[in-house]
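Worksheet: one structure, shown below.
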Amino acid sequence: MILDNLTPVGLDPILSLSAACRADDRPHKVDLGIGVYRDSHGETPVMVAIKMAEARLLEHQTSKAYVGMAGNESFNESMINLLLGESKAKARAVGVQTPGASGALRMLADVIKMSTPDATVWLSDLSYANHAPIMKTAGLNVRYYPYFDPETKLVQADAMLAALREAGKNDVVLLHGSCHNPTGADIDLDTWKNITTLAVSQGFLPFVDMAYQGFGDGMDEDAAGLRYLVDRVESMVIASSCSKNFGLYRERTGIAVVVGKTLEQAQAVKSRIMESARGTYTMPPDHGAALVDMILRDTSLRTNWQSEVSSMRQRVQTLRTLLADALREKSGTQDWEFIKHHKGMFSVLGITAEQAQAMRNDHAVYLVDSGRINVAGLQESQVNSVANALLKVTAG
């Protein structure tokens with residue numbers, strides 16, 4: 001009978017770590033698995049700007065009626081402005097609010113499939129754990145380009161560009177806008193320029209996933225590569241998330257942006273995204289988008305929000321420095337200096353799956369088998385114990 005042939009799938013390798021950590025009764029346990037920001041007390045706080053916006057929304061909101069398949073159009077405009085700044089490409093850009101950036105990734109994958117059924121999406125090696133499943137579920141082919149150098153723990157820019165010279169008009173190249181997940185290794189502006197040249201000459205569609213704007217070097221600085229690219233290519237698509245920089249993880253607030261050759265083309269693609277949305281979730285939740293739009297349009301709220309993001313970014317950078325310095329002092333080597341150079345919440349440490357398991361089993365430090373750690377989940381008081389554990393499991 002129907003359903004009888006289904007068997008359970010394995011646990012999610014990232015989400016299951018937090019559950020395992022919570023069940024661990026060792027008092028010194030550390031959760032560096034799931035990608036959420038935590039403060040010095042180990043909490044993921046609601047941002048002050050969000051609380052202020054919620055108070056205003058509670059007082060002034062007059063309806064809970066449907067918002068429509070495109071979501072909050074004022075939010076869409078505000079997010080396009082945040083992403084693209086003063087770019088001339090805004091004149092041919094449209095947006096659709098989605099349930100998180102994963103919703104945006106899926107909606108954009110769907111319209112790519114509608115347009116070019118045999119399209120191949122090129123992903124970085126390594127890439128965000130949900131990129132390949134989303135693209136494959138949408139029916140797209142997936143191919144990988146070299147990205148993370150396991151020796152230097154930095155970007156293999158030359159190898160990346162050499163591989164992308166094979167991408168053509170039926171190809172989509174997915175790029176991380178900033179704060180690469182999972183590695184923390186970001187491409188520099190010169191590499192963005194070289195990718196732009198390749199996109200123009202070879203005709204592939206750039207697809208930028210911007211999930212951490214503001215967590216690398218700054219709100220505008222993190223968008224510099226994207227903005228250079230968008231003003232020079234004929235068309236591209238963008239997925240963006242408000243989970244990290246607005247702290248709206250559970251509100252599932254994201255946007256799919258289409259930049260067309262013309263505004264008319266972008267509007268046509270937008271109609272197809274809404275068609276796809278109608279066949280899946282119909283329309284996105286309103287609450288998070290209403291808060292983001294209010295913050296981005298109110299000078300006082302926006303100033304407070306930007307200050308909070310800046311404080312979070314600076315704290316993560318400080319944690320990187322503390323961890324790298326502790327590892328250098330304890331090991332007497334420069335082997336861990338790459339942690340300082342990574343951007344955003346994550347770093348891939350270059351340890352084996354067995355060593356990652358030893359970190360969990362022997363030292364109560366929870367990280368995924370790929371060796372990715374969420375630096376933003378670390379507390380200052382835990383730096384030395386994590387450094388000691390890393391050096392013990394990698395000794396010899």
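Each chain of the structure tokens is named A, B, ... in the order shown, its residues numbered from 1; ligands are numbered from 1 in display order.
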Find the nearest atom pair between each residue of range 331-372 of chain A and range 135-153 of chain A for residues within 9 Å, count only C-alpha atoms, give distances in Å to one decimal, sort rows by chain and ascending number, and present the table as CSV.
```
residue,atom,partner,partner_atom,distance
A:Phe338,CA,A:Lys153,CA,6.4
A:Ile339,CA,A:Lys153,CA,8.6
A:His342,CA,A:Lys153,CA,8.8
A:Ser347,CA,A:Lys153,CA,8.9
A:Val348,CA,A:Lys153,CA,7.5
A:Leu349,CA,A:Lys153,CA,7.6
A:Gly350,CA,A:Pro150,CA,6.2
```
**Request:** Name all residues at most 7 Å from Gly100 in chain A (count only C-alpha atoms; drop same-chain ones fewer than 4 positions away) and give them as a list in words.
**Result:**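 So the residues in contact are Ala104, Ser241, Arg252, Thr253 and Gly254 of chain A.
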**Prompt:** For Thr191 in chain A, which of A:Tyr128, A:Tyr228, A:Trp122, A:Tyr66 is the closest residue, counting only C-alpha atoms?
**Reply:** A:Tyr228
Quick one: residues within 8 Å of Gly33 in chain A, only C-alpha atoms, excluding same-chain residues fewer than 2 positions away - as a PDB file with N, CA and C atoms, in the first residue's frame?
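Okay, part.pdb is ready:
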```pdb
ATOM      1  N   ILE A  14      23.935  18.184  10.759  1.00  0.00           N
ATOM      2  CA  ILE A  14      24.173  19.431  11.487  1.00  0.00           C
ATOM      3  C   ILE A  14      23.131  19.634  12.577  1.00  0.00           C
ATOM      4  N   LEU A  15      21.857  19.548  12.200  1.00  0.00           N
ATOM      5  CA  LEU A  15      20.798  19.813  13.170  1.00  0.00           C
ATOM      6  C   LEU A  15      20.800  18.799  14.315  1.00  0.00           C
ATOM      7  N   LEU A  17      23.338  17.593  15.769  1.00  0.00           N
ATOM      8  CA  LEU A  17      24.408  17.862  16.722  1.00  0.00           C
ATOM      9  C   LEU A  17      23.909  18.649  17.928  1.00  0.00           C
ATOM     10  N   SER A  18      23.042  19.635  17.669  1.00  0.00           N
ATOM     11  CA  SER A  18      22.534  20.446  18.772  1.00  0.00           C
ATOM     12  C   SER A  18      21.726  19.593  19.741  1.00  0.00           C
ATOM     13  N   ASP A  31      28.837  23.726  21.889  1.00  0.00           N
ATOM     14  CA  ASP A  31      28.101  23.478  20.641  1.00  0.00           C
ATOM     15  C   ASP A  31      28.607  24.421  19.561  1.00  0.00           C
ATOM     16  N   GLY A  35      24.519  26.779  12.808  1.00  0.00           N
ATOM     17  CA  GLY A  35      24.965  28.128  12.487  1.00  0.00           C
ATOM     18  C   GLY A  35      24.083  29.225  13.034  1.00  0.00           C
ATOM     19  N   TYR A 366      31.236  19.879  20.145  1.00  0.00           N
ATOM     20  CA  TYR A 366      30.384  19.390  19.068  1.00  0.00           C
ATOM     21  C   TYR A 366      30.598  20.196  17.794  1.00  0.00           C
ATOM     22  N   LEU A 367      31.116  19.528  16.765  1.00  0.00           N
ATOM     23  CA  LEU A 367      31.271  20.102  15.434  1.00  0.00           C
ATOM     24  C   LEU A 367      31.011  19.011  14.416  1.00  0.00           C
ATOM     25  N   VAL A 368      30.718  19.408  13.175  1.00  0.00           N
ATOM     26  CA  VAL A 368      30.371  18.430  12.148  1.00  0.00           C
ATOM     27  C   VAL A 368      31.613  17.706  11.651  1.00  0.00           C
ATOM     28  N   ARG A 372      33.944  21.725  10.120  1.00  0.00           N
ATOM     29  CA  ARG A 372      33.431  23.090  10.188  1.00  0.00           C
ATOM     30  C   ARG A 372      33.047  23.433  11.616  1.00  0.00           C
ATOM     31  N   ILE A 373      33.479  24.603  12.064  1.00  0.00           N
ATOM     32  CA  ILE A 373      33.049  25.103  13.363  1.00  0.00           C
ATOM     33  C   ILE A 373      32.298  26.416  13.184  1.00  0.00           C
ATOM     34  N   ASN A 374      31.327  26.638  14.047  1.00  0.00           N
ATOM     35  CA  ASN A 374      30.637  27.915  14.107  1.00  0.00           C
ATOM     36  C   ASN A 374      31.347  28.770  15.140  1.00  0.00           C
ATOM     37  N   GLY A 377      29.411  30.579  17.707  1.00  0.00           N
ATOM     38  CA  GLY A 377      28.805  29.825  18.796  1.00  0.00           C
ATOM     39  C   GLY A 377      29.722  29.670  19.991  1.00  0.00           C
TER      40      GLY A 377
END
```
**Asked** Mind pulling up the distance from CA of Val365 in chain A to CA of Thr333 in chain A?
**Response**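 Going from CA of Thr333 in chain A over to CA of Val365 in chain A, I get 22.4 Å.
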Filtered DSSP result for range 139-291 of chain A, state helix (DSSP H, G or I), as a PDB file with N, CA and C atoms, in the first residue's frame:
```
ATOM      1  N   ALA A 157      41.967  30.468  -5.961  1.00  0.00           N
ATOM      2  CA  ALA A 157      41.369  31.354  -6.960  1.00  0.00           C
ATOM      3  C   ALA A 157      41.741  30.940  -8.382  1.00  0.00           C
ATOM      4  N   ASP A 158      42.997  30.599  -8.624  1.00  0.00           N
ATOM      5  CA  ASP A 158      43.417  30.245  -9.986  1.00  0.00           C
ATOM      6  C   ASP A 158      42.713  28.980 -10.468  1.00  0.00           C
ATOM      7  N   ALA A 159      42.639  27.972  -9.604  1.00  0.00           N
ATOM      8  CA  ALA A 159      41.979  26.720  -9.982  1.00  0.00           C
ATOM      9  C   ALA A 159      40.492  26.947 -10.189  1.00  0.00           C
ATOM     10  N   MET A 160      39.898  27.795  -9.362  1.00  0.00           N
ATOM     11  CA  MET A 160      38.485  28.125  -9.497  1.00  0.00           C
ATOM     12  C   MET A 160      38.208  28.763 -10.852  1.00  0.00           C
ATOM     13  N   LEU A 161      38.979  29.772 -11.200  1.00  0.00           N
ATOM     14  CA  LEU A 161      38.774  30.488 -12.459  1.00  0.00           C
ATOM     15  C   LEU A 161      39.041  29.576 -13.665  1.00  0.00           C
ATOM     16  N   ALA A 162      40.038  28.713 -13.551  1.00  0.00           N
ATOM     17  CA  ALA A 162      40.326  27.786 -14.655  1.00  0.00           C
ATOM     18  C   ALA A 162      39.141  26.858 -14.899  1.00  0.00           C
ATOM     19  N   ALA A 163      38.525  26.372 -13.835  1.00  0.00           N
ATOM     20  CA  ALA A 163      37.372  25.481 -13.986  1.00  0.00           C
ATOM     21  C   ALA A 163      36.180  26.213 -14.586  1.00  0.00           C
ATOM     22  N   LEU A 164      35.953  27.454 -14.157  1.00  0.00           N
ATOM     23  CA  LEU A 164      34.788  28.201 -14.620  1.00  0.00           C
ATOM     24  C   LEU A 164      34.899  28.632 -16.075  1.00  0.00           C
ATOM     25  N   LEU A 189      38.085  40.955  -4.190  1.00  0.00           N
ATOM     26  CA  LEU A 189      37.437  41.734  -5.235  1.00  0.00           C
ATOM     27  C   LEU A 189      38.056  41.466  -6.602  1.00  0.00           C
ATOM     28  N   ASP A 190      39.359  41.224  -6.645  1.00  0.00           N
ATOM     29  CA  ASP A 190      39.984  40.903  -7.939  1.00  0.00           C
ATOM     30  C   ASP A 190      39.393  39.627  -8.526  1.00  0.00           C
ATOM     31  N   THR A 191      39.128  38.643  -7.680  1.00  0.00           N
ATOM     32  CA  THR A 191      38.519  37.400  -8.171  1.00  0.00           C
ATOM     33  C   THR A 191      37.088  37.649  -8.627  1.00  0.00           C
ATOM     34  N   TRP A 192      36.347  38.487  -7.904  1.00  0.00           N
ATOM     35  CA  TRP A 192      35.008  38.872  -8.365  1.00  0.00           C
ATOM     36  C   TRP A 192      35.090  39.507  -9.756  1.00  0.00           C
ATOM     37  N   LYS A 193      36.076  40.336  -9.970  1.00  0.00           N
ATOM     38  CA  LYS A 193      36.223  40.986 -11.280  1.00  0.00           C
ATOM     39  C   LYS A 193      36.517  39.959 -12.368  1.00  0.00           C
ATOM     40  N   ASN A 194      37.372  38.992 -12.052  1.00  0.00           N
ATOM     41  CA  ASN A 194      37.689  37.951 -13.036  1.00  0.00           C
ATOM     42  C   ASN A 194      36.475  37.068 -13.328  1.00  0.00           C
ATOM     43  N   ILE A 195      35.687  36.766 -12.312  1.00  0.00           N
ATOM     44  CA  ILE A 195      34.456  35.994 -12.525  1.00  0.00           C
ATOM     45  C   ILE A 195      33.492  36.779 -13.407  1.00  0.00           C
ATOM     46  N   THR A 196      33.414  38.073 -13.166  1.00  0.00           N
ATOM     47  CA  THR A 196      32.548  38.930 -13.981  1.00  0.00           C
ATOM     48  C   THR A 196      32.958  38.877 -15.447  1.00  0.00           C
ATOM     49  N   THR A 197      34.250  38.969 -15.693  1.00  0.00           N
ATOM     50  CA  THR A 197      34.755  38.890 -17.072  1.00  0.00           C
ATOM     51  C   THR A 197      34.358  37.567 -17.718  1.00  0.00           C
ATOM     52  N   LEU A 198      34.476  36.477 -16.972  1.00  0.00           N
ATOM     53  CA  LEU A 198      34.099  35.163 -17.500  1.00  0.00           C
ATOM     54  C   LEU A 198      32.600  35.084 -17.759  1.00  0.00           C
ATOM     55  N   ALA A 199      31.799  35.620 -16.857  1.00  0.00           N
ATOM     56  CA  ALA A 199      30.345  35.581 -17.035  1.00  0.00           C
ATOM     57  C   ALA A 199      29.940  36.333 -18.302  1.00  0.00           C
ATOM     58  N   VAL A 200      30.559  37.471 -18.541  1.00  0.00           N
ATOM     59  CA  VAL A 200      30.242  38.269 -19.728  1.00  0.00           C
ATOM     60  C   VAL A 200      30.670  37.559 -21.002  1.00  0.00           C
ATOM     61  N   SER A 201      31.867  36.981 -20.973  1.00  0.00           N
ATOM     62  CA  SER A 201      32.408  36.376 -22.200  1.00  0.00           C
ATOM     63  C   SER A 201      31.800  35.014 -22.500  1.00  0.00           C
ATOM     64  N   GLN A 202      31.437  34.257 -21.463  1.00  0.00           N
ATOM     65  CA  GLN A 202      30.983  32.886 -21.675  1.00  0.00           C
ATOM     66  C   GLN A 202      29.473  32.701 -21.510  1.00  0.00           C
ATOM     67  N   GLU A 221      30.736  46.727   2.447  1.00  0.00           N
ATOM     68  CA  GLU A 221      31.950  46.018   2.053  1.00  0.00           C
ATOM     69  C   GLU A 221      31.638  44.580   1.619  1.00  0.00           C
ATOM     70  N   ASP A 222      30.739  43.924   2.322  1.00  0.00           N
ATOM     71  CA  ASP A 222      30.409  42.534   1.998  1.00  0.00           C
ATOM     72  C   ASP A 222      29.665  42.408   0.673  1.00  0.00           C
ATOM     73  N   ALA A 223      29.055  43.496   0.224  1.00  0.00           N
ATOM     74  CA  ALA A 223      28.307  43.479  -1.040  1.00  0.00           C
ATOM     75  C   ALA A 223      29.119  44.017  -2.211  1.00  0.00           C
ATOM     76  N   ALA A 224      30.387  44.352  -1.996  1.00  0.00           N
ATOM     77  CA  ALA A 224      31.185  44.998  -3.043  1.00  0.00           C
ATOM     78  C   ALA A 224      31.335  44.119  -4.280  1.00  0.00           C
ATOM     79  N   GLY A 225      31.616  42.834  -4.085  1.00  0.00           N
ATOM     80  CA  GLY A 225      31.768  41.931  -5.222  1.00  0.00           C
ATOM     81  C   GLY A 225      30.473  41.752  -5.977  1.00  0.00           C
ATOM     82  N   LEU A 226      29.388  41.555  -5.240  1.00  0.00           N
ATOM     83  CA  LEU A 226      28.068  41.419  -5.849  1.00  0.00           C
ATOM     84  C   LEU A 226      27.723  42.654  -6.674  1.00  0.00           C
ATOM     85  N   ARG A 227      27.971  43.830  -6.127  1.00  0.00           N
ATOM     86  CA  ARG A 227      27.617  45.066  -6.821  1.00  0.00           C
ATOM     87  C   ARG A 227      28.474  45.287  -8.061  1.00  0.00           C
ATOM     88  N   TYR A 228      29.737  44.900  -7.991  1.00  0.00           N
ATOM     89  CA  TYR A 228      30.584  44.988  -9.191  1.00  0.00           C
ATOM     90  C   TYR A 228      30.022  44.090 -10.284  1.00  0.00           C
ATOM     91  N   LEU A 229      29.663  42.874  -9.909  1.00  0.00           N
ATOM     92  CA  LEU A 229      29.156  41.881 -10.853  1.00  0.00           C
ATOM     93  C   LEU A 229      27.828  42.315 -11.471  1.00  0.00           C
ATOM     94  N   VAL A 230      26.896  42.764 -10.639  1.00  0.00           N
ATOM     95  CA  VAL A 230      25.532  43.003 -11.117  1.00  0.00           C
ATOM     96  C   VAL A 230      25.461  44.150 -12.117  1.00  0.00           C
ATOM     97  N   TYR A 249      16.048  34.019  12.759  1.00  0.00           N
ATOM     98  CA  TYR A 249      16.192  32.623  12.358  1.00  0.00           C
ATOM     99  C   TYR A 249      14.840  31.919  12.217  1.00  0.00           C
ATOM    100  N   ARG A 250      14.022  31.978  13.234  1.00  0.00           N
ATOM    101  CA  ARG A 250      12.775  31.200  13.226  1.00  0.00           C
ATOM    102  C   ARG A 250      11.659  31.885  12.431  1.00  0.00           C
ATOM    103  N   GLU A 251      11.851  33.138  12.040  1.00  0.00           N
ATOM    104  CA  GLU A 251      10.820  33.829  11.259  1.00  0.00           C
ATOM    105  C   GLU A 251      10.884  33.494   9.775  1.00  0.00           C
ATOM    106  N   LEU A 263      13.785  45.446 -17.293  1.00  0.00           N
ATOM    107  CA  LEU A 263      12.819  45.307 -16.210  1.00  0.00           C
ATOM    108  C   LEU A 263      11.682  44.388 -16.630  1.00  0.00           C
ATOM    109  N   GLU A 264      11.288  44.449 -17.887  1.00  0.00           N
ATOM    110  CA  GLU A 264      10.203  43.605 -18.386  1.00  0.00           C
ATOM    111  C   GLU A 264      10.564  42.128 -18.273  1.00  0.00           C
ATOM    112  N   GLN A 265      11.805  41.796 -18.615  1.00  0.00           N
ATOM    113  CA  GLN A 265      12.222  40.404 -18.485  1.00  0.00           C
ATOM    114  C   GLN A 265      12.212  39.970 -17.013  1.00  0.00           C
ATOM    115  N   ALA A 266      12.714  40.843 -16.129  1.00  0.00           N
ATOM    116  CA  ALA A 266      12.730  40.524 -14.706  1.00  0.00           C
ATOM    117  C   ALA A 266      11.315  40.313 -14.177  1.00  0.00           C
ATOM    118  N   GLN A 267      10.370  41.135 -14.617  1.00  0.00           N
ATOM    119  CA  GLN A 267       8.988  40.984 -14.184  1.00  0.00           C
ATOM    120  C   GLN A 267       8.389  39.670 -14.678  1.00  0.00           C
ATOM    121  N   ALA A 268       8.773  39.261 -15.884  1.00  0.00           N
ATOM    122  CA  ALA A 268       8.284  37.980 -16.410  1.00  0.00           C
ATOM    123  C   ALA A 268       8.783  36.822 -15.555  1.00  0.00           C
ATOM    124  N   VAL A 269      10.069  36.885 -15.167  1.00  0.00           N
ATOM    125  CA  VAL A 269      10.628  35.832 -14.316  1.00  0.00           C
ATOM    126  C   VAL A 269       9.961  35.859 -12.944  1.00  0.00           C
ATOM    127  N   LYS A 270       9.702  37.070 -12.432  1.00  0.00           N
ATOM    128  CA  LYS A 270       9.030  37.188 -11.134  1.00  0.00           C
ATOM    129  C   LYS A 270       7.666  36.491 -11.166  1.00  0.00           C
ATOM    130  N   SER A 271       6.942  36.654 -12.274  1.00  0.00           N
ATOM    131  CA  SER A 271       5.632  36.001 -12.374  1.00  0.00           C
ATOM    132  C   SER A 271       5.775  34.487 -12.315  1.00  0.00           C
ATOM    133  N   ARG A 272       6.863  33.973 -12.860  1.00  0.00           N
ATOM    134  CA  ARG A 272       7.101  32.518 -12.817  1.00  0.00           C
ATOM    135  C   ARG A 272       7.482  32.063 -11.404  1.00  0.00           C
ATOM    136  N   ILE A 273       8.224  32.900 -10.678  1.00  0.00           N
ATOM    137  CA  ILE A 273       8.532  32.565  -9.288  1.00  0.00           C
ATOM    138  C   ILE A 273       7.248  32.487  -8.476  1.00  0.00           C
ATOM    139  N   MET A 274       6.357  33.441  -8.696  1.00  0.00           N
ATOM    140  CA  MET A 274       5.086  33.425  -7.964  1.00  0.00           C
ATOM    141  C   MET A 274       4.231  32.223  -8.357  1.00  0.00           C
ATOM    142  N   GLU A 275       4.326  31.816  -9.615  1.00  0.00           N
ATOM    143  CA  GLU A 275       3.628  30.611 -10.050  1.00  0.00           C
ATOM    144  C   GLU A 275       4.160  29.392  -9.289  1.00  0.00           C
ATOM    145  N   SER A 276       5.473  29.334  -9.144  1.00  0.00           N
ATOM    146  CA  SER A 276       6.077  28.229  -8.406  1.00  0.00           C
ATOM    147  C   SER A 276       5.702  28.291  -6.932  1.00  0.00           C
ATOM    148  N   ALA A 277       5.675  29.502  -6.378  1.00  0.00           N
ATOM    149  CA  ALA A 277       5.276  29.665  -4.977  1.00  0.00           C
ATOM    150  C   ALA A 277       3.840  29.197  -4.765  1.00  0.00           C
ATOM    151  N   ARG A 278       2.972  29.520  -5.715  1.00  0.00           N
ATOM    152  CA  ARG A 278       1.571  29.125  -5.614  1.00  0.00           C
ATOM    153  C   ARG A 278       1.430  27.612  -5.514  1.00  0.00           C
ATOM    154  N   HIS A 287       5.548  38.356   9.361  1.00  0.00           N
ATOM    155  CA  HIS A 287       6.070  39.053  10.544  1.00  0.00           C
ATOM    156  C   HIS A 287       7.509  39.541  10.362  1.00  0.00           C
ATOM    157  N   GLY A 288       8.409  38.643  10.009  1.00  0.00           N
ATOM    158  CA  GLY A 288       9.814  39.025   9.888  1.00  0.00           C
ATOM    159  C   GLY A 288      10.033  40.093   8.834  1.00  0.00           C
ATOM    160  N   ALA A 289       9.365  39.954   7.697  1.00  0.00           N
ATOM    161  CA  ALA A 289       9.525  40.928   6.616  1.00  0.00           C
ATOM    162  C   ALA A 289       9.030  42.308   7.035  1.00  0.00           C
ATOM    163  N   ALA A 290       7.927  42.355   7.774  1.00  0.00           N
ATOM    164  CA  ALA A 290       7.414  43.639   8.244  1.00  0.00           C
ATOM    165  C   ALA A 290       8.412  44.325   9.166  1.00  0.00           C
ATOM    166  N   LEU A 291       9.083  43.552  10.019  1.00  0.00           N
ATOM    167  CA  LEU A 291      10.085  44.114  10.932  1.00  0.00           C
ATOM    168  C   LEU A 291      11.297  44.627  10.170  1.00  0.00           C
TER     169      LEU A 291
END
```
